[in-house]
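Engineer: I have a structure here, written as structure tokens, and I will follow up with some questions on it.
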Amino acid sequence: RDGRFGLVRRSAGAWQTVLPFAAHGSIDKSTNHLMLTRQGTELRLYANGQQLAVVSESSGATGRVALFAQASAAGLAARFDDFRLYRAR
């Protein structure tokens, strides 16, 4: 419940950190609206309409997308709904 975010990818069977986990004041302790965009090699991560981070990721524009929640202590209840994936134009 600390409102942290990060970005990882899986490559050659191993997890690699693209963006280390960090706290941000735009992340609520209850409901959040998340968005990730990619244009070329640039990834932008948003929460509740506020940009959290911009990172250059040159590993290629193909792959899979996943979303997860992780608790550092017992008692986390997480749900994801209305997940949408759009093709870039």
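We name chains A, B, ... following the order of the structure tokens; residues begin at 1 in each chain, and ligands are numbered from 1 as shown.
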Using only C-alpha atoms, which residues sit within 10 Å of region 66-78 of chain A once same-chain residues fewer than 6 positions away are excluded, as a PyMOL selection string?

Structural biologist: chain A and resi 1-2+4-5+7-9+30-31+34

Engineer: For CA of Tyr46 (chain A) and CA of His24 (chain A), quote the distance in Å rounded to one decimal.

Structural biologist: 10.5 Å

Engineer: Between CA of Val55 (chain A) and CA of Leu43 (chain A), what distance in Å does the model show, to one decimal?

Structural biologist: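 Computing the Euclidean distance for CA of Val55 (chain A) and CA of Leu43 (chain A) yields 5.3 Å.
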
Engineer: By how many Å are CA of Arg38 (chain A) and CA of Arg79 (chain A) apart?

Structural biologist: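 According to the coordinates, CA of Arg38 (chain A) and CA of Arg79 (chain A) are separated by 24.3 Å.
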
Engineer: Among the residues of region 1-46 of chain A, find those DSSP assigns to strand (DSSP E or B) from the backbone and print them as a PyMOL selection string.

Structural biologist: chain A and resi 4-11+14-23+34-39+42-46

Engineer: May I have the selected residues written with C-alpha atoms, as a short mmCIF file (atom, residue, chain, number, x, y, z; two decimals), in the first residue's frame?

Structural biologist:
data_model
loop_
_atom_site.label_atom_id
_atom_site.label_comp_id
_atom_site.auth_asym_id
_atom_site.auth_seq_id
_atom_site.Cartn_x
_atom_site.Cartn_y
_atom_site.Cartn_z
CA ARG A 4 4.93 2.40 -5.92
CA PHE A 5 5.29 1.58 -9.61
CA GLY A 6 7.95 0.08 -11.82
CA LEU A 7 8.48 -1.48 -15.21
CA VAL A 8 10.05 -4.87 -15.89
CA ARG A 9 10.39 -7.07 -18.94
CA ARG A 10 11.19 -10.71 -19.48
CA SER A 11 13.99 -11.55 -21.86
CA ALA A 14 14.94 -13.71 -16.95
CA TRP A 15 13.26 -10.61 -15.50
CA GLN A 16 15.04 -7.34 -16.29
CA THR A 17 14.29 -4.03 -14.61
CA VAL A 18 13.51 -1.30 -17.12
CA LEU A 19 12.42 1.22 -14.49
CA PRO A 20 13.14 0.59 -10.80
CA PHE A 21 10.17 0.63 -8.44
CA ALA A 22 9.54 4.08 -6.94
CA ALA A 23 6.80 5.93 -5.07
CA LEU A 34 -3.21 3.36 -15.46
CA MET A 35 -1.92 3.95 -18.97
CA LEU A 36 1.24 2.93 -20.81
CA THR A 37 2.05 4.36 -24.24
CA ARG A 38 4.83 3.54 -26.63
CA GLN A 39 6.01 5.63 -29.57
CA GLU A 42 9.84 5.82 -25.85
CA LEU A 43 7.57 4.40 -23.15
CA ARG A 44 5.41 6.71 -21.03
CA LEU A 45 3.70 5.52 -17.88
CA TYR A 46 0.72 7.39 -16.37
#

Engineer: With only C-alpha atoms as the basis for distance, which of A:Ser26, A:Phe80, A:Leu85, A:Gly13 is at the shortest distance from Leu52 (chain A)?

Structural biologist: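 Counting only C-alpha atoms, the residue closest to Leu52 (chain A) is A:Ser26.
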
Engineer: I need the residue nearest Gly40 (chain A) from this list: A:Ser58, A:Ala12, A:Tyr86, A:Ala53. Use only C-alpha atoms for the distance.

Structural biologist: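 Closest residue, counting only C-alpha atoms: A:Ser58.
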